Amino acid sequence: MRTRQALIEGALRLFAEKGYDQTTVAEIAATADIATRTFFSYFDSKDDIVFFDDRSRLERAVEIIGERQPGEPVADLMRRVIDQSVFADTDSELARKVGPARTRLIASVPALQARELHLLFDIQLQLTEALHLACPELDLVEAAAAVGSLVGAIKVVVAACQKRGNRPEQTYKAVQRATDIAIDGLNSLPRPA
């Protein structure tokens with residue numbers, strides 16, 4: 001874990017200093033005192049470093065959806081998903097430490113923006129499938145709308161806050177508010193029988 005964390009922190013520092021495209025995998029590996037070949041034991045590519053926690057957050061969200069309590073309304077379930085997967089990141093020391101730099105980096109590198117959009121689309125599809133499976137009272141369209149409204153609200157408010165130059169605390173509060181608004185809309189979905 002220490003080596004992985006050193007790679008993430010070293011890469012983000014180099015990306016900020018030299019630029020994403022100008023930073024090599026060998027330079028990133030050197031920040032953690034490992035060989036370039038060893039780097040690939042931790043990450044498949046340098047852009048995987050930027051999205052280091054996406055897979056674990058998705059797995060956690062799918063797990064939470066799969067643990068839906070009998071009779072639990074969709075809005076309550078999705079609140080738990082957001083609280084325990086998206087907002088849980090704010091408790092991670094590494095996510096707090098690199099979050100703002102990572103957000104700025106993604107916004108400034110077209111290749112990372114494209115990768116983020118691809119990942120975001122894939123994440124939404126997987127969450128929609130999990131929600132549809134866990135909530136038989138929802139058809140596929142309702143499950144997709146529930147996921148899309150939450151993910152869209154969060155993603156757009158983060159981008160808007162970043163454009164305005166908001167501090168991380170302001171962005172966090174804005175994301176919470178956008179989530180509340182989207183969750184209120186989910187209360188119109190069918191309830192379990």
# chains A, B, ... in the order shown; residues from 1 in each chain; ligands from 1
>>> residues_around(residues="stretch 62-73 of chain A", least_positions_apart="6", cutoff="7 Å", atoms="only C-alpha atoms", output="VMD selection string")
chain A and resid 81 127 130 to 131 134 191 to 192
>>> write_last_selection(atoms="N, CA and C atoms", output="mmCIF file, in the first residue's frame")
data_model
loop_
_atom_site.group_PDB
_atom_site.id
_atom_site.type_symbol
_atom_site.label_atom_id
_atom_site.label_comp_id
_atom_site.auth_asym_id
_atom_site.auth_seq_id
_atom_site.Cartn_x
_atom_site.Cartn_y
_atom_site.Cartn_z
ATOM 1 N N VAL A 81 -25.929 4.450 -0.825
ATOM 2 C CA VAL A 81 -24.887 4.246 -1.835
ATOM 3 C C VAL A 81 -23.997 5.478 -1.920
ATOM 4 N N LEU A 127 -24.131 0.323 -12.319
ATOM 5 C CA LEU A 127 -25.022 0.682 -11.211
ATOM 6 C C LEU A 127 -26.482 0.500 -11.603
ATOM 7 N N ALA A 130 -27.286 -3.187 -11.449
ATOM 8 C CA ALA A 130 -27.369 -3.631 -10.055
ATOM 9 C C ALA A 130 -28.660 -3.142 -9.407
ATOM 10 N N LEU A 131 -29.030 -1.890 -9.664
ATOM 11 C CA LEU A 131 -30.251 -1.329 -9.081
ATOM 12 C C LEU A 131 -31.490 -2.032 -9.634
ATOM 13 N N ALA A 134 -31.715 -5.385 -7.923
ATOM 14 C CA ALA A 134 -32.045 -5.309 -6.489
ATOM 15 C C ALA A 134 -33.435 -4.748 -6.226
ATOM 16 N N ARG A 191 -42.555 2.228 -4.942
ATOM 17 C CA ARG A 191 -42.061 1.657 -3.686
ATOM 18 C C ARG A 191 -42.217 0.149 -3.732
ATOM 19 N N PRO A 192 -41.379 -0.564 -2.968
ATOM 20 C CA PRO A 192 -41.501 -2.026 -2.958
ATOM 21 C C PRO A 192 -42.868 -2.454 -2.420
#
>>> select_by_dssp(residues="stretch 54-86 of chain A", states="helix (DSSP H, G or I)", output="VMD selection string")
chain A and resid 54 to 66 74 to 86
>>> closest_residue(among="A:Arg4, A:Lys18, A:Arg13, A:Lys46", to="A:Ile34", atoms="only C-alpha atoms")
A:Arg4
>>> residues_around(residues="stretch 183-190 of chain A", least_positions_apart="6", cutoff="12 Å", atoms="only C-alpha atoms", output="CSV table (one decimal) with C-alpha atoms, in the first residue's frame")
chain,number,residue,atom,x,y,z
A,71,GLY,CA,-39.0,-2.8,1.9
A,72,GLU,CA,-36.2,-0.2,1.7
A,73,PRO,CA,-37.3,2.7,-0.6
A,74,VAL,CA,-35.1,3.3,-3.6
A,75,ALA,CA,-34.4,6.8,-2.4
A,76,ASP,CA,-33.1,5.5,0.9
A,77,LEU,CA,-31.0,2.9,-0.8
A,78,MET,CA,-29.4,5.4,-3.2
A,79,ARG,CA,-28.7,7.7,-0.3
A,80,ARG,CA,-26.8,4.9,1.4
A,81,VAL,CA,-24.9,4.2,-1.8
A,82,ILE,CA,-23.8,7.9,-2.1
A,83,ASP,CA,-23.0,8.3,1.6
A,135,CYS,CA,-35.3,-3.4,-7.0
A,136,PRO,CA,-37.7,-5.5,-9.0
A,137,GLU,CA,-40.4,-2.8,-8.7
A,138,LEU,CA,-38.2,-0.6,-11.0
A,139,ASP,CA,-38.1,-1.2,-14.7
A,141,VAL,CA,-35.7,3.0,-17.5
A,142,GLU,CA,-36.6,3.9,-13.9
A,143,ALA,CA,-33.3,2.4,-12.6
A,144,ALA,CA,-31.3,4.2,-15.3
A,145,ALA,CA,-33.1,7.5,-14.5
A,146,ALA,CA,-32.3,7.1,-10.8
A,147,VAL,CA,-28.7,6.4,-11.4
A,148,GLY,CA,-28.3,9.0,-14.1
A,149,SER,CA,-29.9,11.8,-12.0
A,150,LEU,CA,-27.6,11.2,-9.1
A,151,VAL,CA,-24.4,10.7,-11.0
A,153,ALA,CA,-26.1,16.0,-10.4
A,154,ILE,CA,-22.8,15.1,-8.6
A,175,VAL,CA,-22.4,18.0,-3.8
A,176,GLN,CA,-24.3,17.1,-0.7
A,177,ARG,CA,-27.0,19.6,-1.7
>>> residues_around(residues="A:Ala26", least_positions_apart="5", cutoff="10 Å", atoms="only C-alpha atoms", output="CSV table (one decimal) with N, CA and C atoms, in the first residue's frame")
chain,number,residue,atom,x,y,z
A,31,THR,N,9.8,7.9,-8.4
A,31,THR,CA,9.3,8.6,-7.2
A,31,THR,C,9.1,7.6,-6.0
A,34,ILE,N,11.2,2.4,-7.3
A,34,ILE,CA,10.9,1.0,-7.9
A,34,ILE,C,11.3,1.1,-9.4
A,35,ALA,N,11.5,-0.1,-10.0
A,35,ALA,CA,11.9,-0.2,-11.4
A,35,ALA,C,10.6,0.1,-12.2
A,36,THR,N,10.8,0.5,-13.4
A,36,THR,CA,9.7,0.8,-14.4
A,36,THR,C,8.9,-0.4,-14.5
A,37,ARG,N,9.5,-1.6,-14.7
A,37,ARG,CA,8.8,-2.8,-14.9
A,37,ARG,C,7.9,-3.1,-13.7
A,38,THR,N,8.4,-2.8,-12.5
A,38,THR,CA,7.6,-3.0,-11.3
A,38,THR,C,6.4,-2.1,-11.2
A,39,PHE,N,6.4,-1.0,-11.8
A,39,PHE,CA,5.3,0.0,-11.9
A,39,PHE,C,4.1,-0.8,-12.4
>>> closest_residue(among="A:Thr24, A:Asp47, A:Phe40, A:Glu93", to="A:Ala114", atoms="only C-alpha atoms")
A:Asp47
>>> atom_distance(atom1="atom CA of A:Phe52", atom2="atom CA of A:His118")
14.9 Å
>>> atom_distance(atom1="atom CA of A:Leu125", atom2="atom CA of A:Arg55")
13.6 Å
>>> closest_residue(among="A:Leu7, A:Val157, A:Val86, A:Leu120", to="A:Ala32", atoms="only C-alpha atoms")
A:Leu7
>>> atom_distance(atom1="atom CA of A:Tyr172", atom2="atom CA of A:Asp54")
17.9 Å
>>> closest_residue(among="A:Ala30, A:Leu140, A:Ala182, A:Leu119", to="A:Asp53", atoms="only C-alpha atoms")
A:Leu119
>>> closest_residue(among="A:Gly165, A:Ala178, A:Ala11, A:Glu17", to="A:Ala29", atoms="only C-alpha atoms")
A:Ala11
>>> residues_around(residues="A:Leu105", least_positions_apart="3", cutoff="12 Å", atoms="only C-alpha atoms", output="ChimeraX atom specification")
/A:11-21,47,49-51,98-102,108-113,116,162
>>> write_last_selection(atoms="N, CA, C and O atoms", output="CSV table (one decimal), in the first residue's frame")
chain,number,residue,atom,x,y,z
A,11,ALA,N,3.2,10.6,-8.9
A,11,ALA,CA,2.7,10.9,-10.3
A,11,ALA,C,1.9,12.2,-10.3
A,11,ALA,O,2.2,13.0,-11.2
A,12,LEU,N,1.0,12.5,-9.3
A,12,LEU,CA,0.3,13.7,-9.3
A,12,LEU,C,1.2,14.9,-9.2
A,12,LEU,O,1.0,16.0,-9.8
A,13,ARG,N,2.2,14.8,-8.4
A,13,ARG,CA,3.2,15.9,-8.2
A,13,ARG,C,3.9,16.1,-9.5
A,13,ARG,O,4.0,17.3,-10.0
A,14,LEU,N,4.4,15.1,-10.2
A,14,LEU,CA,5.0,15.2,-11.5
A,14,LEU,C,4.1,15.8,-12.6
A,14,LEU,O,4.5,16.6,-13.4
A,15,PHE,N,2.9,15.3,-12.6
A,15,PHE,CA,1.9,15.9,-13.5
A,15,PHE,C,1.7,17.4,-13.4
A,15,PHE,O,1.6,18.1,-14.3
A,16,ALA,N,1.7,17.8,-12.1
A,16,ALA,CA,1.5,19.2,-11.8
A,16,ALA,C,2.8,20.0,-12.2
A,16,ALA,O,2.7,21.1,-12.7
A,17,GLU,N,4.0,19.4,-12.0
A,17,GLU,CA,5.2,20.1,-12.3
A,17,GLU,C,5.6,20.1,-13.8
A,17,GLU,O,6.0,21.1,-14.3
A,18,LYS,N,5.5,18.9,-14.4
A,18,LYS,CA,5.9,18.8,-15.8
A,18,LYS,C,4.8,18.7,-16.8
A,18,LYS,O,5.1,18.9,-18.0
A,19,GLY,N,3.6,18.4,-16.4
A,19,GLY,CA,2.6,18.2,-17.3
A,19,GLY,C,2.3,16.7,-17.5
A,19,GLY,O,3.2,15.9,-17.3
A,20,TYR,N,1.1,16.3,-17.7
A,20,TYR,CA,0.7,14.9,-17.8
A,20,TYR,C,1.5,14.2,-19.0
A,20,TYR,O,2.1,13.2,-18.8
A,21,ASP,N,1.4,14.8,-20.1
A,21,ASP,CA,2.0,14.2,-21.3
A,21,ASP,C,3.5,14.1,-21.3
A,21,ASP,O,4.1,13.2,-21.8
A,47,ASP,N,-2.4,6.7,-16.7
A,47,ASP,CA,-3.7,7.3,-16.4
A,47,ASP,C,-4.5,6.5,-15.4
A,47,ASP,O,-5.4,7.0,-14.8
A,49,ILE,N,-3.4,5.7,-12.6
A,49,ILE,CA,-3.1,6.3,-11.4
A,49,ILE,C,-4.1,7.4,-11.0
A,49,ILE,O,-4.5,7.5,-9.9
A,50,VAL,N,-4.5,8.1,-12.0
A,50,VAL,CA,-5.4,9.2,-11.8
A,50,VAL,C,-6.8,8.7,-11.3
A,50,VAL,O,-7.4,9.3,-10.5
A,51,PHE,N,-7.1,7.5,-11.8
A,51,PHE,CA,-8.4,7.0,-11.5
A,51,PHE,C,-8.2,5.8,-10.5
A,51,PHE,O,-9.0,4.8,-10.6
A,98,VAL,N,-5.1,14.1,-2.5
A,98,VAL,CA,-4.9,14.3,-3.9
A,98,VAL,C,-6.1,14.7,-4.7
A,98,VAL,O,-6.1,15.1,-5.9
A,99,GLY,N,-7.3,14.8,-4.0
A,99,GLY,CA,-8.5,15.1,-4.7
A,99,GLY,C,-8.5,16.3,-5.5
A,99,GLY,O,-8.8,16.3,-6.7
A,100,PRO,N,-8.2,17.5,-4.9
A,100,PRO,CA,-8.3,18.7,-5.7
A,100,PRO,C,-7.3,18.7,-6.9
A,100,PRO,O,-7.6,19.2,-8.0
A,101,ALA,N,-6.1,18.2,-6.6
A,101,ALA,CA,-5.1,18.2,-7.7
A,101,ALA,C,-5.6,17.2,-8.8
A,101,ALA,O,-5.4,17.5,-10.0
A,102,ARG,N,-6.2,16.1,-8.5
A,102,ARG,CA,-6.7,15.2,-9.4
A,102,ARG,C,-7.8,15.8,-10.3
A,102,ARG,O,-7.8,15.7,-11.5
A,108,SER,N,-7.8,19.5,-17.1
A,108,SER,CA,-6.9,20.2,-18.0
A,108,SER,C,-6.3,19.2,-19.1
A,108,SER,O,-5.6,19.7,-20.0
A,109,VAL,N,-6.6,17.9,-19.0
A,109,VAL,CA,-6.0,17.0,-20.0
A,109,VAL,C,-7.1,16.3,-20.8
A,109,VAL,O,-7.8,15.5,-20.2
A,110,PRO,N,-7.2,16.6,-22.0
A,110,PRO,CA,-8.3,16.0,-22.8
A,110,PRO,C,-8.3,14.5,-22.8
A,110,PRO,O,-9.4,13.9,-22.7
A,111,ALA,N,-7.2,13.8,-22.8
A,111,ALA,CA,-7.2,12.3,-22.8
A,111,ALA,C,-7.8,11.8,-21.4
A,111,ALA,O,-8.5,10.8,-21.4
A,112,LEU,N,-7.5,12.5,-20.4
A,112,LEU,CA,-8.1,12.1,-19.1
A,112,LEU,C,-9.6,12.5,-19.0
A,112,LEU,O,-10.4,11.7,-18.4
A,113,GLN,N,-10.0,13.5,-19.6
A,113,GLN,CA,-11.4,13.9,-19.7
A,113,GLN,C,-12.2,12.7,-20.4
A,113,GLN,O,-13.2,12.3,-20.0
A,116,GLU,N,-12.3,9.7,-18.3
A,116,GLU,CA,-13.3,9.9,-17.2
A,116,GLU,C,-14.7,9.7,-17.7
A,116,GLU,O,-15.5,9.0,-17.1
A,162,GLN,N,-15.7,23.7,-9.6
A,162,GLN,CA,-14.3,23.9,-10.0
A,162,GLN,C,-14.1,25.1,-10.9
A,162,GLN,O,-13.2,25.9,-10.7
